[in-house]
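Asks: Pasting a structure here, questions to come.
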Amino acid sequence: MHLLPEASWLQFNRRVLLQTERPDFPLLERMRFLAIWNRNLDEFFAARIAKPFWEKRGSPAHRALLEEAYAQARLACQRYQALLREARPRLEVLEPQDLDEEDWLYFRVYLAEVVAPRTDLIPWEAASDLSHGALYFASEDYLVRLPQDLPRLLPVPGRDGTYVRLGALMRARSDLFLPEPSPLYELRVLRLLESERARADWDELAQSLEGRQEGMATLLVVEEGFPEAWLEALRGTLELTPEEVFLLPPPLNLTLVERLVAEGPGEWLFPPLKPERPRGFLKKPLAHLDRKDLLLYHPFADYAAVERFAQEALSPEVAEVWATLYRIGEENPLAEALIQAARAGKKVHVLLEGRARFDELLNLHWYLRFLRAGVEVLPLPERKVHAKALLLLTHQGKGYVHLGTGNYNPQNGRLYTDFSLFTGRHEVVREVHNFFQAMRASLPGEGLGGLAAKQASEVVSPGETGLEASLALSLLRTGEAIRNLLVEEIAKETHPKGRIILKFNHLTDPAVLQALVQAAEAGARVDLLVRSTLTLLHPAFRAKSLVGRFLEHARVAAFRAGGAWRVYLTSADAMPRNFQSRFELLFPVLDKEAKKQVLRVLKRQIRDNRNSFLLTPKGEEPLWGGNQDAHRW
């Protein structure tokens, strides 16, 4: 059974929404999943739907995506009301008519002095320019934009745990926002967010962001009861089909529950996780790696170990540092350590991927900070760099590496499941250094495409030296060489005793999927742990998705030949774009104990019957309530 990637991803978002129904999750955690679902759906209509929208708009496949998204949105509205009912009386969201005169003493002034001066009054003639994601109100003569920088839920003074929606207050006092009182109806528009990707220059990236435009509208969401004539006018102005309009009860953006999650009773949240701390490594990271490798599984093992490794850049014995940085957030101890090392006179080289979608402005901020601290920021190559590597080189000629499946982000490192591998093995250090050197010296015309192309064919002439020779890796893989390795390893398992375990966020590559079909039909056991997108469901696959307390983010491939497992970790999901237009890294787990650790995690997740959904050609089946919980350690 083949699925569109977008359809498979929407099914994943339904699994996210279903977490709001889990009886074993505290109330506020279930509310949090409602907000996550809403953010995901907004991103879907801003980016993920682009290909069906441009290539198949109006087709049965496109309409099926809209029908599924609409069904989820209706279910989300029901879940919002059910969760609020469950939260009463400790948490309540009141309607304006539920407020008493004392409450209105405050909110009348708040609306007049805080909200009204920031509110835009827009003529209907400008409806084609409505911004992506903003909340608007329609009246007969005007559109009113709710200020983006104001909270959607306001606490009622003196009534603990009691809130009221800002949008509902504005509707109740429309006279403050219109020339004369009039009924107001809520609406939102979602659009494709488009920018022309810069290829190899930070100045070009800045220009691209300046010119980024909100593209075509992909969805109009209006409240039930929205006047039909207004709706038709708005739909025509935005050039939307009837299927691209959702009618829902307010509120139209359920991320407002994040305030309830942040301020609600602490006992309605998961207890804080107490991660394991590798004490010997934390004390002396490099000395530890002189003895043996270290593998950590976050967040059950403390992500602080990654930040501690980065702080070794300040050690007197370290002379040079190389790092790839993708989504690193607003505050980042690892990045600060690199800046301090550069200011201390170390050679620090950073490949900061400026084109990480929706993080471009934040990456420009870090770019300037690195540049002014004396960090060499490598030019942006033609391909996006998604690899996760941190390399320390000493004055004595030694090297130490961190390779990971996740981003160097302090928040995500404590919320996402990811593997970290630390090693001082000479052969790994050499290849990681070669990878960085190739990026630094990318050739005009050929660029870094040569790295993937040479490695994919594994042809390196004996006479090649310098950069040419550095483009060949034997232990590590990047580009299409990752796909080649996966297909080759699967082929070795294409027999009745074969065993394959793949764990990815997305598994959509046709060559990998076809190899898996051949292996499964030959009798091999094929276990797939695919969080989000799986575009081929086969009766012989044992496929499941884990959705629970932590976001499953690790990427792993394991193969058993003759009883000896071969285990690889990677930054790459198994998707054509990751092999063809990104620089990722796949690396083997060489240490025996580390290999056993990875396999324990995989087998634990295969057995999980508490956070799992079985994925079959006949549909999905949730496995909840069992005693095998891969999100408890």
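Residues are named by chain letter and number: chains run A, B, ... in the order of the structure tokens, numbers start at 1 in each chain, and ligands are numbered from 1 in the order shown.
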Within 9 Å of Ser581 of chain A, counting only C-alpha atoms, which residues qualify if same-chain residues fewer than 6 places away don't, as a PDB file with N, CA, C and O atoms, in the first residue's frame?
Replies:
ATOM      1  N   GLU A 382      26.316  24.524  -1.529  1.00  0.00           N
ATOM      2  CA  GLU A 382      25.089  24.446  -2.323  1.00  0.00           C
ATOM      3  C   GLU A 382      24.042  23.581  -1.637  1.00  0.00           C
ATOM      4  O   GLU A 382      22.868  23.894  -1.628  1.00  0.00           O
ATOM      5  N   ARG A 383      24.509  22.481  -1.031  1.00  0.00           N
ATOM      6  CA  ARG A 383      23.589  21.611  -0.316  1.00  0.00           C
ATOM      7  C   ARG A 383      23.438  22.083   1.128  1.00  0.00           C
ATOM      8  O   ARG A 383      24.387  22.557   1.743  1.00  0.00           O
ATOM      9  N   LYS A 384      22.246  21.894   1.671  1.00  0.00           N
ATOM     10  CA  LYS A 384      22.034  22.184   3.085  1.00  0.00           C
ATOM     11  C   LYS A 384      22.813  21.162   3.912  1.00  0.00           C
ATOM     12  O   LYS A 384      22.833  19.972   3.597  1.00  0.00           O
ATOM     13  N   VAL A 385      23.454  21.629   4.990  1.00  0.00           N
ATOM     14  CA  VAL A 385      24.234  20.743   5.855  1.00  0.00           C
ATOM     15  C   VAL A 385      23.421  20.410   7.094  1.00  0.00           C
ATOM     16  O   VAL A 385      23.095  21.281   7.895  1.00  0.00           O
ATOM     17  N   GLY A 449      29.215  18.836  -4.008  1.00  0.00           N
ATOM     18  CA  GLY A 449      28.565  17.728  -4.671  1.00  0.00           C
ATOM     19  C   GLY A 449      29.553  16.622  -4.981  1.00  0.00           C
ATOM     20  O   GLY A 449      29.218  15.460  -5.042  1.00  0.00           O
ATOM     21  N   GLY A 479      25.567  12.020   1.735  1.00  0.00           N
ATOM     22  CA  GLY A 479      24.893  12.077   0.444  1.00  0.00           C
ATOM     23  C   GLY A 479      24.283  10.742   0.036  1.00  0.00           C
ATOM     24  O   GLY A 479      23.785   9.970   0.855  1.00  0.00           O
TER      25      GLY A 479
END
Asks: Please provide the set of residues having any atom within 12 Å of Phe281 of chain A, restricted to only C-alpha atoms, with same-chain residues fewer than 2 positions apart removed, written as a list of chain:residue names.
Replies: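 The residues that qualify are A:Glu276, A:Arg277, A:Pro278, A:Arg279, A:Lys283, A:Lys284, A:Pro285, A:Leu286, A:Ala287, A:His288, A:Leu289, A:Asp290, A:Arg291, A:Lys292, A:Asp293, A:Leu294, A:Leu295, A:Leu296, A:Asp302, A:Ala304, A:Ala305, A:Val306, A:Glu307, A:Arg308, A:Phe309, A:Glu312, A:Phe422, A:Thr423.
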Asks: Tell me which protein, DNA and RNA residues are within 8 Å of segment 520-533 of chain A, counting only C-alpha atoms, leaving out same-chain ones fewer than 6 positions away, and put them as a compact mmCIF listing (two decimals) with all heavy atoms, in the first residue's frame.
Replies:
# COMPACT_ATOMS: atom_id res chain seq x y z
N PRO A 5 3.53 11.10 0.82
CA PRO A 5 4.21 11.53 2.04
C PRO A 5 3.35 12.46 2.89
O PRO A 5 3.35 12.36 4.12
CB PRO A 5 5.47 12.24 1.51
CG PRO A 5 5.70 11.65 0.17
CD PRO A 5 4.34 11.34 -0.39
N GLU A 6 2.62 13.34 2.23
CA GLU A 6 1.80 14.29 2.97
C GLU A 6 0.65 13.59 3.70
O GLU A 6 0.29 13.97 4.82
CB GLU A 6 1.24 15.35 2.02
CG GLU A 6 2.30 16.21 1.35
CD GLU A 6 2.96 15.53 0.16
OE1 GLU A 6 2.45 14.47 -0.30
OE2 GLU A 6 3.99 16.05 -0.33
N SER A 8 0.73 10.44 4.78
CA SER A 8 1.33 9.71 5.89
C SER A 8 1.66 10.66 7.04
O SER A 8 1.46 10.33 8.21
CB SER A 8 2.59 8.99 5.41
OG SER A 8 3.19 8.26 6.46
N TRP A 9 2.16 11.85 6.70
CA TRP A 9 2.49 12.82 7.75
C TRP A 9 1.23 13.28 8.49
O TRP A 9 1.25 13.46 9.71
CB TRP A 9 3.23 14.02 7.15
CG TRP A 9 3.74 14.94 8.22
CD1 TRP A 9 4.97 14.91 8.81
CD2 TRP A 9 3.02 16.00 8.84
NE1 TRP A 9 5.05 15.88 9.77
CE2 TRP A 9 3.87 16.57 9.82
CE3 TRP A 9 1.75 16.53 8.70
CZ2 TRP A 9 3.49 17.63 10.63
CZ3 TRP A 9 1.35 17.57 9.50
CH2 TRP A 9 2.23 18.13 10.45
N GLN A 11 -1.37 11.53 9.01
CA GLN A 11 -1.73 10.44 9.92
C GLN A 11 -0.89 10.51 11.19
O GLN A 11 -1.38 10.23 12.28
CB GLN A 11 -1.55 9.08 9.22
CG GLN A 11 -2.63 8.78 8.20
CD GLN A 11 -4.02 8.81 8.84
OE1 GLN A 11 -4.85 9.66 8.51
NE2 GLN A 11 -4.28 7.88 9.76
N PHE A 12 0.37 10.87 11.03
CA PHE A 12 1.21 11.09 12.23
C PHE A 12 0.62 12.19 13.09
O PHE A 12 0.55 12.07 14.32
CB PHE A 12 2.64 11.44 11.81
CG PHE A 12 3.40 12.19 12.87
CD1 PHE A 12 3.79 11.57 14.05
CD2 PHE A 12 3.73 13.53 12.69
CE1 PHE A 12 4.49 12.26 15.03
CE2 PHE A 12 4.42 14.23 13.66
CZ PHE A 12 4.81 13.60 14.83
N ASN A 13 0.17 13.29 12.47
CA ASN A 13 -0.36 14.38 13.28
C ASN A 13 -1.67 13.97 13.97
O ASN A 13 -1.98 14.46 15.06
CB ASN A 13 -0.59 15.63 12.42
CG ASN A 13 -0.50 16.90 13.24
OD1 ASN A 13 0.24 16.97 14.22
ND2 ASN A 13 -1.25 17.92 12.85
N GLU A 493 20.62 -9.10 3.94
CA GLU A 493 19.66 -9.74 4.84
C GLU A 493 18.46 -10.34 4.10
O GLU A 493 17.49 -10.74 4.71
CB GLU A 493 19.14 -8.70 5.86
CG GLU A 493 20.23 -8.01 6.67
CD GLU A 493 20.99 -8.97 7.57
OE1 GLU A 493 20.36 -9.90 8.12
OE2 GLU A 493 22.21 -8.81 7.71
N THR A 494 18.54 -10.39 2.78
CA THR A 494 17.41 -10.87 1.98
C THR A 494 17.41 -12.39 1.91
O THR A 494 17.76 -13.00 0.89
CB THR A 494 17.45 -10.23 0.58
OG1 THR A 494 17.49 -8.81 0.73
CG2 THR A 494 16.23 -10.58 -0.25
N HIS A 495 17.05 -13.00 3.03
CA HIS A 495 16.98 -14.45 3.15
C HIS A 495 16.17 -14.77 4.41
O HIS A 495 15.91 -13.89 5.24
CB HIS A 495 18.37 -15.07 3.23
CG HIS A 495 19.24 -14.48 4.29
ND1 HIS A 495 19.15 -14.85 5.62
CD2 HIS A 495 20.21 -13.52 4.23
CE1 HIS A 495 20.04 -14.17 6.32
NE2 HIS A 495 20.67 -13.35 5.50
N PRO A 496 15.74 -16.00 4.59
CA PRO A 496 14.83 -16.31 5.71
C PRO A 496 15.39 -16.01 7.10
O PRO A 496 14.62 -15.81 8.04
CB PRO A 496 14.58 -17.82 5.53
CG PRO A 496 14.77 -18.05 4.08
CD PRO A 496 15.88 -17.14 3.67
N LYS A 497 16.70 -15.99 7.26
CA LYS A 497 17.28 -15.70 8.57
C LYS A 497 17.71 -14.24 8.72
O LYS A 497 18.30 -13.85 9.72
CB LYS A 497 18.49 -16.61 8.82
CG LYS A 497 18.11 -18.07 8.96
CD LYS A 497 19.32 -18.93 9.32
CE LYS A 497 18.92 -20.39 9.48
NZ LYS A 497 20.10 -21.24 9.84
N GLY A 498 17.38 -13.41 7.73
CA GLY A 498 17.78 -12.01 7.77
C GLY A 498 17.03 -11.24 8.86
O GLY A 498 15.89 -11.57 9.20
N ARG A 499 17.67 -10.23 9.37
CA ARG A 499 17.05 -9.40 10.41
C ARG A 499 17.43 -7.95 10.16
O ARG A 499 18.62 -7.61 10.06
CB ARG A 499 17.52 -9.85 11.80
CG ARG A 499 16.87 -9.08 12.95
CD ARG A 499 15.48 -9.58 13.25
NE ARG A 499 14.76 -8.67 14.13
CZ ARG A 499 14.85 -8.67 15.47
NH1 ARG A 499 15.65 -9.54 16.08
NH2 ARG A 499 14.15 -7.83 16.19
N ILE A 500 16.43 -7.08 10.08
CA ILE A 500 16.64 -5.65 9.79
C ILE A 500 15.81 -4.85 10.77
O ILE A 500 14.63 -5.13 10.98
CB ILE A 500 16.18 -5.31 8.34
CG1 ILE A 500 16.99 -6.11 7.31
CG2 ILE A 500 16.30 -3.81 8.08
CD1 ILE A 500 16.33 -6.13 5.94
N ILE A 501 16.44 -3.85 11.38
CA ILE A 501 15.72 -2.88 12.21
C ILE A 501 16.10 -1.49 11.71
O ILE A 501 17.28 -1.12 11.73
CB ILE A 501 16.08 -3.01 13.71
CG1 ILE A 501 15.88 -4.43 14.21
CG2 ILE A 501 15.21 -2.03 14.52
CD1 ILE A 501 16.33 -4.64 15.65
N LEU A 502 15.12 -0.73 11.26
CA LEU A 502 15.34 0.66 10.85
C LEU A 502 14.48 1.56 11.71
O LEU A 502 13.29 1.30 11.91
CB LEU A 502 14.98 0.86 9.39
CG LEU A 502 15.78 0.10 8.34
CD1 LEU A 502 15.34 0.51 6.94
CD2 LEU A 502 17.28 0.32 8.51
N LYS A 503 15.10 2.64 12.20
CA LYS A 503 14.37 3.64 12.98
C LYS A 503 14.63 5.00 12.34
O LYS A 503 15.78 5.46 12.29
CB LYS A 503 14.84 3.64 14.44
CG LYS A 503 14.19 4.73 15.29
CD LYS A 503 14.64 4.63 16.74
CE LYS A 503 14.13 5.81 17.56
NZ LYS A 503 12.65 5.91 17.56
N PHE A 504 13.57 5.63 11.85
CA PHE A 504 13.67 6.94 11.22
C PHE A 504 12.46 7.78 11.60
O PHE A 504 11.42 7.25 12.01
CB PHE A 504 13.71 6.81 9.68
CG PHE A 504 14.98 6.22 9.14
CD1 PHE A 504 15.01 4.92 8.65
CD2 PHE A 504 16.14 6.96 9.10
CE1 PHE A 504 16.17 4.36 8.15
CE2 PHE A 504 17.31 6.43 8.60
CZ PHE A 504 17.33 5.12 8.12
N ASN A 505 12.60 9.08 11.43
CA ASN A 505 11.43 9.96 11.51
C ASN A 505 10.60 9.83 10.23
O ASN A 505 9.37 9.86 10.28
CB ASN A 505 11.84 11.42 11.69
CG ASN A 505 12.72 11.64 12.89
OD1 ASN A 505 12.58 10.95 13.90
ND2 ASN A 505 13.63 12.59 12.79
N HIS A 506 11.30 9.72 9.11
CA HIS A 506 10.64 9.63 7.81
C HIS A 506 11.34 8.55 6.99
O HIS A 506 12.57 8.55 6.87
CB HIS A 506 10.71 10.96 7.06
CG HIS A 506 10.24 12.14 7.84
ND1 HIS A 506 8.90 12.42 8.02
CD2 HIS A 506 10.93 13.09 8.52
CE1 HIS A 506 8.79 13.52 8.78
NE2 HIS A 506 9.99 13.93 9.09
N LEU A 507 10.57 7.66 6.40
CA LEU A 507 11.10 6.62 5.52
C LEU A 507 10.29 6.66 4.24
O LEU A 507 9.18 6.11 4.16
CB LEU A 507 11.01 5.25 6.20
CG LEU A 507 11.40 4.00 5.38
CD1 LEU A 507 12.74 4.17 4.69
CD2 LEU A 507 11.40 2.77 6.27
N THR A 508 10.83 7.33 3.21
CA THR A 508 10.10 7.55 1.97
C THR A 508 10.92 7.23 0.73
O THR A 508 10.41 7.34 -0.39
CB THR A 508 9.61 9.01 1.87
OG1 THR A 508 10.76 9.88 1.73
CG2 THR A 508 8.82 9.42 3.10
N ALA A 540 4.24 -7.80 5.12
CA ALA A 540 5.35 -8.51 5.75
C ALA A 540 6.20 -7.60 6.63
O ALA A 540 7.10 -8.08 7.32
CB ALA A 540 6.23 -9.16 4.68
N PHE A 541 5.95 -6.30 6.61
CA PHE A 541 6.68 -5.39 7.50
C PHE A 541 6.09 -5.46 8.90
O PHE A 541 4.87 -5.62 9.07
CB PHE A 541 6.58 -3.94 7.02
CG PHE A 541 7.29 -3.62 5.75
CD1 PHE A 541 7.07 -2.40 5.11
CD2 PHE A 541 8.19 -4.50 5.17
CE1 PHE A 541 7.72 -2.08 3.94
CE2 PHE A 541 8.85 -4.19 3.99
CZ PHE A 541 8.61 -2.98 3.37
N ARG A 542 6.93 -5.30 9.90
CA ARG A 542 6.47 -5.07 11.27
C ARG A 542 6.74 -3.60 11.55
O ARG A 542 7.83 -3.24 12.00
CB ARG A 542 7.20 -5.97 12.25
CG ARG A 542 7.09 -7.45 11.92
CD ARG A 542 7.80 -8.30 12.95
NE ARG A 542 7.82 -9.70 12.57
CZ ARG A 542 7.93 -10.70 13.43
NH1 ARG A 542 8.04 -10.46 14.72
NH2 ARG A 542 7.96 -11.95 13.01
N ALA A 543 5.79 -2.77 11.24
CA ALA A 543 5.99 -1.32 11.30
C ALA A 543 5.18 -0.71 12.42
O ALA A 543 4.03 -1.09 12.65
CB ALA A 543 5.59 -0.68 9.96
N LYS A 544 5.79 0.24 13.12
CA LYS A 544 5.09 0.93 14.18
C LYS A 544 5.63 2.34 14.33
O LYS A 544 6.74 2.65 13.90
CB LYS A 544 5.18 0.16 15.50
CG LYS A 544 6.56 0.12 16.12
CD LYS A 544 6.69 -0.92 17.23
CE LYS A 544 5.63 -0.81 18.29
NZ LYS A 544 5.91 -1.73 19.45
N SER A 545 4.81 3.17 14.93
CA SER A 545 5.17 4.56 15.23
C SER A 545 5.04 4.74 16.74
O SER A 545 4.04 4.32 17.32
CB SER A 545 4.24 5.52 14.49
OG SER A 545 4.41 6.85 14.95
N LEU A 546 6.04 5.37 17.35
CA LEU A 546 5.99 5.69 18.76
C LEU A 546 5.70 7.18 18.92
O LEU A 546 6.42 8.02 18.37
CB LEU A 546 7.31 5.37 19.47
CG LEU A 546 7.41 3.97 20.11
CD1 LEU A 546 7.45 2.91 19.03
CD2 LEU A 546 8.64 3.88 20.99
N VAL A 547 4.64 7.50 19.66
CA VAL A 547 4.31 8.88 19.98
C VAL A 547 3.98 8.92 21.46
O VAL A 547 3.06 8.23 21.91
CB VAL A 547 3.12 9.41 19.15
CG1 VAL A 547 2.86 10.88 19.47
CG2 VAL A 547 3.37 9.22 17.66
N GLU A 552 10.30 11.20 19.38
CA GLU A 552 11.25 10.23 18.83
C GLU A 552 12.01 10.88 17.68
O GLU A 552 11.42 11.27 16.67
CB GLU A 552 10.50 8.98 18.35
CG GLU A 552 9.89 8.15 19.46
CD GLU A 552 10.96 7.54 20.36
OE1 GLU A 552 12.05 7.21 19.86
OE2 GLU A 552 10.70 7.42 21.57
N HIS A 553 13.33 10.99 17.82
CA HIS A 553 14.12 11.75 16.86
C HIS A 553 15.35 11.01 16.36
O HIS A 553 15.97 11.41 15.39
CB HIS A 553 14.53 13.09 17.49
CG HIS A 553 14.99 14.12 16.53
ND1 HIS A 553 16.31 14.48 16.41
CD2 HIS A 553 14.32 14.87 15.62
CE1 HIS A 553 16.44 15.42 15.49
NE2 HIS A 553 15.25 15.66 14.99
N GLN A 605 11.84 -0.59 22.09
CA GLN A 605 10.82 0.13 21.34
C GLN A 605 9.98 -0.82 20.48
O GLN A 605 8.79 -0.58 20.29
CB GLN A 605 11.48 1.22 20.49
CG GLN A 605 12.14 2.29 21.34
CD GLN A 605 12.58 3.50 20.56
OE1 GLN A 605 12.61 3.49 19.33
NE2 GLN A 605 12.92 4.56 21.26
N ILE A 606 10.59 -1.88 19.99
CA ILE A 606 9.82 -2.88 19.25
C ILE A 606 8.79 -3.53 20.16
O ILE A 606 7.65 -3.83 19.75
CB ILE A 606 10.77 -3.94 18.64
CG1 ILE A 606 11.57 -3.31 17.48
CG2 ILE A 606 9.99 -5.16 18.15
CD1 ILE A 606 12.71 -4.19 16.99
Asks: If you run DSSP over the backbone, which residues in segment 144-343 of chain A end up strand (DSSP E or B)? Put them as an MDAnalysis selection string.
Replies: chainID A and resid 144:145 153:155 162:165 185:194 213:223 245:248 276 294:298 301 318:325
Asks: Using only C-alpha atoms, determine which residues lie at most 8 Å from Leu154 of chain A, disregarding the query and same-chain residues fewer than 6 positions distant; provide the list as a list in words.
Replies: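 Once the adjacent positions are removed, what remains is Tyr163, Val164, Arg165 and Leu166 of chain A.
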Asks: With C-alpha atoms kept, could you save the residues just selected as a short mmCIF file (atom, residue, chain, number, x, y, z; two decimals), in the first residue's frame?
Replies:
data_model
loop_
_atom_site.label_atom_id
_atom_site.label_comp_id
_atom_site.auth_asym_id
_atom_site.auth_seq_id
_atom_site.Cartn_x
_atom_site.Cartn_y
_atom_site.Cartn_z
CA TYR A 163 -9.00 33.03 32.16
CA VAL A 164 -10.90 34.67 29.33
CA ARG A 165 -10.09 34.76 25.63
CA LEU A 166 -8.90 38.10 24.31
#
Asks: I'd like the contact shell of Asn578 of chain A - 10 Å cut-off, only C-alpha atoms, skipping same-chain residues fewer than 5 positions apart - returned as a list in words.
Replies: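 That gives Arg383, Lys384, Val385, His386, Thr478, Gly479, Glu480, Ile482, Arg483, Asp509, Ser571, Ala572, Asp573, Phe583 and Glu584 of chain A.
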Asks: For N, CA and C atoms, I'd like the residues from the last selection saved as a PDB file, in the first residue's frame.
Replies:
ATOM      1  N   ARG A 383      24.509  22.481  -1.031  1.00  0.00           N
ATOM      2  CA  ARG A 383      23.589  21.611  -0.316  1.00  0.00           C
ATOM      3  C   ARG A 383      23.438  22.083   1.128  1.00  0.00           C
ATOM      4  N   LYS A 384      22.246  21.894   1.671  1.00  0.00           N
ATOM      5  CA  LYS A 384      22.034  22.184   3.085  1.00  0.00           C
ATOM      6  C   LYS A 384      22.813  21.162   3.912  1.00  0.00           C
ATOM      7  N   VAL A 385      23.454  21.629   4.990  1.00  0.00           N
ATOM      8  CA  VAL A 385      24.234  20.743   5.855  1.00  0.00           C
ATOM      9  C   VAL A 385      23.421  20.410   7.094  1.00  0.00           C
ATOM     10  N   HIS A 386      23.091  19.123   7.214  1.00  0.00           N
ATOM     11  CA  HIS A 386      22.240  18.652   8.301  1.00  0.00           C
ATOM     12  C   HIS A 386      22.999  17.699   9.230  1.00  0.00           C
ATOM     13  N   THR A 478      28.048  10.010   3.468  1.00  0.00           N
ATOM     14  CA  THR A 478      27.249  11.223   3.303  1.00  0.00           C
ATOM     15  C   THR A 478      26.573  11.170   1.934  1.00  0.00           C
ATOM     16  N   GLY A 479      25.567  12.020   1.735  1.00  0.00           N
ATOM     17  CA  GLY A 479      24.893  12.077   0.444  1.00  0.00           C
ATOM     18  C   GLY A 479      24.283  10.742   0.036  1.00  0.00           C
ATOM     19  N   GLU A 480      24.356  10.447  -1.246  1.00  0.00           N
ATOM     20  CA  GLU A 480      23.735   9.232  -1.761  1.00  0.00           C
ATOM     21  C   GLU A 480      24.462   7.969  -1.310  1.00  0.00           C
ATOM     22  N   ILE A 482      24.847   7.181   1.660  1.00  0.00           N
ATOM     23  CA  ILE A 482      24.037   6.656   2.769  1.00  0.00           C
ATOM     24  C   ILE A 482      22.986   5.706   2.219  1.00  0.00           C
ATOM     25  N   ARG A 483      22.295   6.138   1.174  1.00  0.00           N
ATOM     26  CA  ARG A 483      21.296   5.252   0.542  1.00  0.00           C
ATOM     27  C   ARG A 483      21.956   3.972   0.056  1.00  0.00           C
ATOM     28  N   ASP A 509      12.195   6.867   0.885  1.00  0.00           N
ATOM     29  CA  ASP A 509      13.051   6.685  -0.275  1.00  0.00           C
ATOM     30  C   ASP A 509      12.655   5.414  -1.041  1.00  0.00           C
ATOM     31  N   SER A 571      22.359  11.228  11.037  1.00  0.00           N
ATOM     32  CA  SER A 571      21.565  12.465  11.119  1.00  0.00           C
ATOM     33  C   SER A 571      20.470  12.486  10.078  1.00  0.00           C
ATOM     34  N   ALA A 572      20.471  11.509   9.172  1.00  0.00           N
ATOM     35  CA  ALA A 572      19.606  11.559   7.987  1.00  0.00           C
ATOM     36  C   ALA A 572      18.361  10.716   8.154  1.00  0.00           C
ATOM     37  N   ASP A 573      17.226  11.248   7.748  1.00  0.00           N
ATOM     38  CA  ASP A 573      16.060  10.417   7.500  1.00  0.00           C
ATOM     39  C   ASP A 573      16.173   9.823   6.104  1.00  0.00           C
ATOM     40  N   PHE A 583      23.841  17.447   3.118  1.00  0.00           N
ATOM     41  CA  PHE A 583      24.996  16.732   3.641  1.00  0.00           C
ATOM     42  C   PHE A 583      24.653  16.223   5.026  1.00  0.00           C
ATOM     43  N   GLU A 584      24.511  14.929   5.107  1.00  0.00           N
ATOM     44  CA  GLU A 584      24.248  14.229   6.353  1.00  0.00           C
ATOM     45  C   GLU A 584      25.479  13.398   6.693  1.00  0.00           C
TER      46      GLU A 584
END
Asks: Report as a ChimeraX atom specification: the residues of segment 124-189 of chain A with a DSSP assignment of alpha helix (DSSP H), based on the backbone of this structure.
Replies: /A:166-172
Asks: Determine, counting only C-alpha atoms, which protein, DNA and RNA residues have an atom within 9 Å of an atom of Tyr185 of chain A; residues of the same chain fewer than 3 positions away are not included. Present the result as a ChimeraX atom specification.
Replies: /A:136-139,171,222-227
Asks: Take the selection from the previous step and output its residues with N, CA, C and O atoms, as an mmCIF file, in the first residue's frame.
Replies:
data_model
loop_
_atom_site.group_PDB
_atom_site.id
_atom_site.type_symbol
_atom_site.label_atom_id
_atom_site.label_comp_id
_atom_site.auth_asym_id
_atom_site.auth_seq_id
_atom_site.Cartn_x
_atom_site.Cartn_y
_atom_site.Cartn_z
ATOM 1 N N TYR A 136 -8.083 37.260 12.728
ATOM 2 C CA TYR A 136 -8.836 38.431 12.274
ATOM 3 C C TYR A 136 -10.298 38.280 12.681
ATOM 4 O O TYR A 136 -10.784 37.174 12.968
ATOM 5 N N PHE A 137 -10.990 39.416 12.652
ATOM 6 C CA PHE A 137 -12.439 39.452 12.817
ATOM 7 C C PHE A 137 -13.035 40.156 11.613
ATOM 8 O O PHE A 137 -12.474 41.144 11.116
ATOM 9 N N ALA A 138 -14.151 39.665 11.164
ATOM 10 C CA ALA A 138 -14.856 40.291 10.042
ATOM 11 C C ALA A 138 -16.109 40.971 10.542
ATOM 12 O O ALA A 138 -16.865 40.403 11.346
ATOM 13 N N SER A 139 -16.313 42.191 10.081
ATOM 14 C CA SER A 139 -17.584 42.889 10.263
ATOM 15 C C SER A 139 -18.109 43.222 8.871
ATOM 16 O O SER A 139 -17.470 42.919 7.865
ATOM 17 N N ARG A 171 -14.855 40.817 20.780
ATOM 18 C CA ARG A 171 -16.169 40.689 20.157
ATOM 19 C C ARG A 171 -17.244 41.319 21.035
ATOM 20 O O ARG A 171 -18.197 41.938 20.534
ATOM 21 N N VAL A 222 -12.740 29.723 9.219
ATOM 22 C CA VAL A 222 -13.695 30.702 9.738
ATOM 23 C C VAL A 222 -14.571 30.027 10.776
ATOM 24 O O VAL A 222 -14.732 28.801 10.778
ATOM 25 N N GLU A 223 -15.142 30.824 11.651
ATOM 26 C CA GLU A 223 -15.999 30.247 12.680
ATOM 27 C C GLU A 223 -17.364 29.864 12.101
ATOM 28 O O GLU A 223 -17.832 30.437 11.110
ATOM 29 N N GLU A 224 -17.954 28.870 12.718
ATOM 30 C CA GLU A 224 -19.294 28.468 12.319
ATOM 31 C C GLU A 224 -20.252 29.651 12.456
ATOM 32 O O GLU A 224 -20.167 30.427 13.401
ATOM 33 N N GLY A 225 -21.149 29.794 11.488
ATOM 34 C CA GLY A 225 -22.074 30.924 11.497
ATOM 35 C C GLY A 225 -21.559 32.137 10.746
ATOM 36 O O GLY A 225 -22.234 33.170 10.687
ATOM 37 N N PHE A 226 -20.367 32.035 10.171
ATOM 38 C CA PHE A 226 -19.802 33.132 9.389
ATOM 39 C C PHE A 226 -20.755 33.439 8.234
ATOM 40 O O PHE A 226 -21.173 32.525 7.509
ATOM 41 N N PRO A 227 -21.151 34.704 8.039
ATOM 42 C CA PRO A 227 -22.125 35.024 6.988
ATOM 43 C C PRO A 227 -21.704 34.501 5.619
ATOM 44 O O PRO A 227 -20.565 34.707 5.192
#
Asks: Nearest to Val261 of chain A: which of A:Arg549, A:Arg555, A:Arg32, A:Arg604 is it, counting only C-alpha atoms?
Replies: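 Looking at the shortest contact to Val261 of chain A, the residue is A:Arg32.
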Asks: Which is closest to Tyr110 of chain A among A:Glu92, A:Gln81, A:Val156, A:Ile122, if we use only C-alpha atoms?
Replies: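 So, comparing all the options, the nearest one is A:Val156.
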